[in-house]
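Okay, so here's the structure we're looking at.
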Amino acid sequence: MSQISIIKLLKALFNKKSRLDYLRNFNILKDFTDYELYMFSQILNERKYKAGEFIYKEQYPLAVIYLVLEGTVEVQDNYHNSGKPTIIKKNQFLGIVDMYNQHRRQGEAKAIKNSVLLAVSYIDFQHFVKNHPSTGVKLMNRVCEALSHFIYKQHNSETE
Amino acid sequence: MKLTRLLIYFLILAAIIGGLYFYSWVLLYIVSSVVFTYIFNPWISLLERNHIPRLLGIVIVYLTIGLVLALCISTVIPVIVYQAHNFTTFIRGASEQGDIHLLKIQFFQNILSRIDIIEAKFPILKLHDQFIKLINNLNSTLINIPGILVKNYNKILGAISLIAMIPLIGFFLLKDSIRLRKDFLKLVPNRYFEIVIILMHKVDEIVGKYLRAMFYEVIIVGSLVAIVLTILGVDYAFLIGFLAGLANIIPYFGPILGVLFAVISILISGSPLIMIVYVIIAMYLIQVFDNNVVYPIVIGTSINMHPLIVLLTVLAGGWSAGILGMLVSVPIVYLVYNVLKVLYVNLKEYKLL
């Protein structure tokens, strides 16, 4: 009896999902192994925003990428969307495309519901890619994908 | 509500001030441990990137440091201690015999004979007596060195306890550095989060790079000086290497001090004076190697401080905290200046200034 329970316990231990499994819900992190998620989680900082609270304002330096863990964020992009607000929901992210595009925020972002965001500084992000080349390739692949989606969407909205 | 908030802020402030006062006695321990952490954290991060858990990484790094230290204690340090002992014995001998012993050295004999020639022409100057007086003063100053060490034994014991505590405090800082950083950022209000994270990175980069550069420079320059001087046959080569490595912390003037130690050694050992030329050339080549190979690899750029500011800083450091002040004043001023510059530029960018 006790042997069976030990085996069950071991099974449960080995089959249990990673504590950081929820991070795989973000498109850019979905190919990561448990260890890669653990390493990436070291540079994540959890931030809580109340409804209506600003996350960043226009002309701020582009320093931080945000992953939306809970809640909804409204981004007013005066450069790309000519002031039309974009809604960023759970498991989406903001700031990555701009990182390769601009040096300063071209709009502002605020939480429209109580939100929990995971913040990564751009410097940490760059160091992570540089210091973990194989994981960095996975990450950058996903970022490129996001960038191409964004360009495609931009192009379509311009031709319409 | 407002009163409650004010009361809480007051209590927090009181707790911070009280905490700072309470821990001020161990501030030196904390600062030294932070320096230790800055130097060795990249090694642990490197191991962690290679799938070695952080705790195991720290153990590996500590074992490596222990091994290197053990090797140094069994090989290099006895040589340094032996040379330091020889040097002190020489000085003690000089003092016991008054001015006679130092005047046995060829260099001082040459100077004295020239002084006698000048005095024969201008007896009113009394240069001979002045020179003998100078030698006596030099003797009595040098002989006081062991006395100072004995008188300050409690300080020496304090230094030993500091050295013992650094790896212990450093262990916790290394193990929990990421958690400490995250916990600190949690305390920062959302409005200041981005600026604080940028500042932390920049300060971390400036301080980390500088401290690591100093650490590697002291080791590399000290070792090179010791090896080259041993090859040249200069007495007290390891002792001079150790001192020259430490002096190298002071930009511009540190290397000159290194040369000075070697020249003094040549003079008091009575080696041929041509050795001074060889030593100057060798030390110059070591500096060229340091500036063009070691420094660019370790730190990337050079310390951009005007020589006059360096000189004034070293003097001020010497006045306020003696030899230790002279050594650490330039790094402290350099770091404070750069941190303030980064703070100013970034606060302006975020329109907080």
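Every chain in the structure tokens has a letter given in the order shown (A, B, ...), and although residue numbers restart at 1 in each chain, ligands are simply numbered from 1 in the order shown.
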Taking 2 positions as the minimum chain separation for residues in the same chain, which residues sit within 7 Å of Arg47 of chain A when counting only C-alpha atoms? Answer as an MDAnalysis selection string. chainID A and resid 45 49 116:119
Now that the selection is made, can you save its residues with all heavy atoms as an mmCIF file, in the first residue's frame?
```cif
data_model
loop_
_atom_site.group_PDB
_atom_site.id
_atom_site.type_symbol
_atom_site.label_atom_id
_atom_site.label_comp_id
_atom_site.auth_asym_id
_atom_site.auth_seq_id
_atom_site.Cartn_x
_atom_site.Cartn_y
_atom_site.Cartn_z
ATOM 1 N N ASN A 45 9.149 41.092 -14.043
ATOM 2 C CA ASN A 45 8.724 41.782 -12.817
ATOM 3 C C ASN A 45 7.212 41.972 -12.852
ATOM 4 O O ASN A 45 6.700 42.572 -13.802
ATOM 5 C CB ASN A 45 9.395 43.157 -12.731
ATOM 6 C CG ASN A 45 10.884 43.042 -12.583
ATOM 7 O OD1 ASN A 45 11.378 42.700 -11.531
ATOM 8 N ND2 ASN A 45 11.610 43.283 -13.665
ATOM 9 N N TYR A 49 -1.732 47.183 -11.948
ATOM 10 C CA TYR A 49 -2.250 48.509 -12.324
ATOM 11 C C TYR A 49 -3.749 48.556 -12.064
ATOM 12 O O TYR A 49 -4.462 47.589 -12.395
ATOM 13 C CB TYR A 49 -1.972 48.783 -13.808
ATOM 14 C CG TYR A 49 -0.502 48.929 -14.123
ATOM 15 C CD1 TYR A 49 0.276 47.811 -14.393
ATOM 16 C CD2 TYR A 49 0.105 50.177 -14.121
ATOM 17 C CE1 TYR A 49 1.638 47.922 -14.655
ATOM 18 C CE2 TYR A 49 1.464 50.310 -14.394
ATOM 19 C CZ TYR A 49 2.221 49.180 -14.657
ATOM 20 O OH TYR A 49 3.560 49.300 -14.917
ATOM 21 N N VAL A 116 -2.765 42.901 -14.297
ATOM 22 C CA VAL A 116 -1.456 42.446 -13.807
ATOM 23 C C VAL A 116 -0.575 42.265 -15.044
ATOM 24 O O VAL A 116 -0.938 41.533 -15.975
ATOM 25 C CB VAL A 116 -1.571 41.120 -13.038
ATOM 26 C CG1 VAL A 116 -0.207 40.676 -12.532
ATOM 27 C CG2 VAL A 116 -2.553 41.235 -11.892
ATOM 28 N N LEU A 117 0.533 42.941 -15.057
ATOM 29 C CA LEU A 117 1.441 42.881 -16.204
ATOM 30 C C LEU A 117 2.798 42.320 -15.775
ATOM 31 O O LEU A 117 3.214 42.534 -14.627
ATOM 32 C CB LEU A 117 1.648 44.291 -16.781
ATOM 33 C CG LEU A 117 0.652 44.792 -17.829
ATOM 34 C CD1 LEU A 117 -0.764 44.812 -17.306
ATOM 35 C CD2 LEU A 117 1.027 46.178 -18.313
ATOM 36 N N LEU A 118 3.450 41.635 -16.704
ATOM 37 C CA LEU A 118 4.817 41.182 -16.435
ATOM 38 C C LEU A 118 5.744 42.081 -17.240
ATOM 39 O O LEU A 118 5.651 42.130 -18.465
ATOM 40 C CB LEU A 118 4.986 39.721 -16.853
ATOM 41 C CG LEU A 118 4.126 38.716 -16.085
ATOM 42 C CD1 LEU A 118 4.234 37.335 -16.710
ATOM 43 C CD2 LEU A 118 4.537 38.654 -14.632
ATOM 44 N N ALA A 119 6.588 42.799 -16.544
ATOM 45 C CA ALA A 119 7.457 43.767 -17.213
ATOM 46 C C ALA A 119 8.861 43.202 -17.391
ATOM 47 O O ALA A 119 9.406 42.599 -16.474
ATOM 48 C CB ALA A 119 7.519 45.039 -16.385
#
```
Could you please select, counting only C-alpha atoms, the residues of chain B within 9 Å of chain A and state them as JSON, numbers by chain? {"B": [46, 48, 49, 51, 178, 179, 182, 185, 186, 190, 191, 193, 194, 195, 197, 198, 201, 349, 350, 351]}
Go ahead and write the residues just picked, C-alpha atoms, as a PDB file, in the first residue's frame.
```pdb
ATOM      1  CA  LEU B  46      27.617  31.829 -16.621  1.00  0.00           C
ATOM      2  CA  GLU B  48      23.519  28.976 -14.498  1.00  0.00           C
ATOM      3  CA  ARG B  49      23.262  29.604 -18.235  1.00  0.00           C
ATOM      4  CA  HIS B  51      22.141  24.497 -16.714  1.00  0.00           C
ATOM      5  CA  ILE B 178      17.544  38.107  -8.365  1.00  0.00           C
ATOM      6  CA  ARG B 179      14.929  37.856  -5.610  1.00  0.00           C
ATOM      7  CA  LYS B 182      12.615  41.844  -7.725  1.00  0.00           C
ATOM      8  CA  LEU B 185      11.319  46.757  -7.667  1.00  0.00           C
ATOM      9  CA  LYS B 186       8.007  45.693  -6.084  1.00  0.00           C
ATOM     10  CA  ASN B 190       4.220  52.254 -11.053  1.00  0.00           C
ATOM     11  CA  ARG B 191       4.910  55.858 -12.042  1.00  0.00           C
ATOM     12  CA  PHE B 193       9.017  51.810 -12.319  1.00  0.00           C
ATOM     13  CA  GLU B 194      10.502  52.338 -15.809  1.00  0.00           C
ATOM     14  CA  ILE B 195      12.997  54.986 -14.713  1.00  0.00           C
ATOM     15  CA  ILE B 197      14.638  49.790 -13.789  1.00  0.00           C
ATOM     16  CA  ILE B 198      16.732  51.794 -16.305  1.00  0.00           C
ATOM     17  CA  HIS B 201      20.679  48.635 -15.072  1.00  0.00           C
ATOM     18  CA  GLU B 349      14.331  61.978 -20.096  1.00  0.00           C
ATOM     19  CA  TYR B 350      11.342  61.028 -17.950  1.00  0.00           C
ATOM     20  CA  LYS B 351      10.606  64.717 -17.338  1.00  0.00           C
TER      21      LYS B 351
END
```
Where does DSSP see alpha helix (DSSP H) in chain A, if you list the residues as a compact mmCIF listing (two decimals) with C-alpha atoms, in the first residue's frame?
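Generated output (selection20.txt):
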```
# COMPACT_ATOMS: atom_id res chain seq x y z
CA SER A 2 2.70 2.39 1.02
CA GLN A 3 4.76 1.41 -2.06
CA ILE A 4 1.84 2.31 -4.29
CA SER A 5 1.40 5.68 -2.64
CA ILE A 6 5.13 6.43 -3.03
CA ILE A 7 4.93 5.57 -6.72
CA LYS A 8 1.85 7.77 -7.03
CA LEU A 9 3.66 10.58 -5.30
CA LEU A 10 6.69 10.21 -7.57
CA LYS A 11 4.43 10.12 -10.62
CA ALA A 12 2.68 13.23 -9.46
CA LEU A 13 6.01 14.90 -8.89
CA PHE A 14 7.39 14.05 -12.33
CA ASN A 15 4.17 14.65 -14.24
CA ASP A 34 10.84 24.53 -18.41
CA TYR A 35 14.43 25.59 -17.78
CA GLU A 36 14.23 28.33 -20.41
CA LEU A 37 11.02 29.59 -18.80
CA TYR A 38 12.74 29.56 -15.43
CA MET A 39 15.64 31.60 -16.81
CA PHE A 40 13.25 34.03 -18.53
CA SER A 41 11.14 34.37 -15.37
CA ILE A 96 8.12 44.50 -28.51
CA VAL A 97 7.39 45.74 -32.04
CA ASP A 98 8.18 49.32 -31.04
CA MET A 99 11.54 48.23 -29.70
CA TYR A 122 14.64 46.02 -22.90
CA ILE A 123 18.23 45.69 -21.64
CA ASP A 124 17.37 42.43 -19.84
CA PHE A 125 15.58 41.21 -22.96
CA GLN A 126 18.63 41.91 -25.12
CA HIS A 127 20.99 40.33 -22.60
CA PHE A 128 18.77 37.26 -22.43
CA VAL A 129 18.87 36.83 -26.21
CA LYS A 130 22.63 37.36 -26.25
CA ASN A 131 23.42 35.09 -23.30
CA PRO A 133 21.66 31.93 -28.02
CA SER A 134 19.49 28.86 -28.67
CA THR A 135 16.60 30.20 -26.58
CA GLY A 136 17.21 33.62 -28.08
CA VAL A 137 16.66 32.19 -31.59
CA LYS A 138 13.29 30.74 -30.49
CA LEU A 139 12.33 34.04 -28.92
CA MET A 140 13.40 36.15 -31.87
CA ASN A 141 11.58 33.83 -34.27
CA ARG A 142 8.37 34.52 -32.41
CA VAL A 143 9.13 38.25 -32.25
CA CYS A 144 9.71 38.26 -36.03
CA GLU A 145 6.40 36.52 -36.46
CA ALA A 146 4.68 39.19 -34.37
CA LEU A 147 6.48 41.89 -36.34
CA SER A 148 5.38 40.40 -39.69
CA HIS A 149 1.77 40.16 -38.46
CA PHE A 150 1.95 43.76 -37.44
CA ILE A 151 3.38 44.91 -40.80
CA TYR A 152 0.80 42.83 -42.67
CA LYS A 153 -2.02 44.36 -40.62
CA GLN A 154 -0.62 47.85 -41.16
CA HIS A 155 -0.37 47.29 -44.90
CA ASN A 156 -3.95 45.97 -45.12
CA SER A 157 -5.39 48.87 -43.14
CA GLU A 158 -3.51 51.37 -45.36
CA THR A 159 -4.77 49.78 -48.64
```
task: Could you give me, as a PyMOL selection string, the residues within 9 Å of Ile112 of chain A, counting only C-alpha atoms and dropping anything in the same chain fewer than 6 positions from it?
output: chain A and resi 50-53+71-74
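Between atom CA of Ile65 of chain A and atom CA of Gln106 of chain A there is a distance of 14.2 Å.
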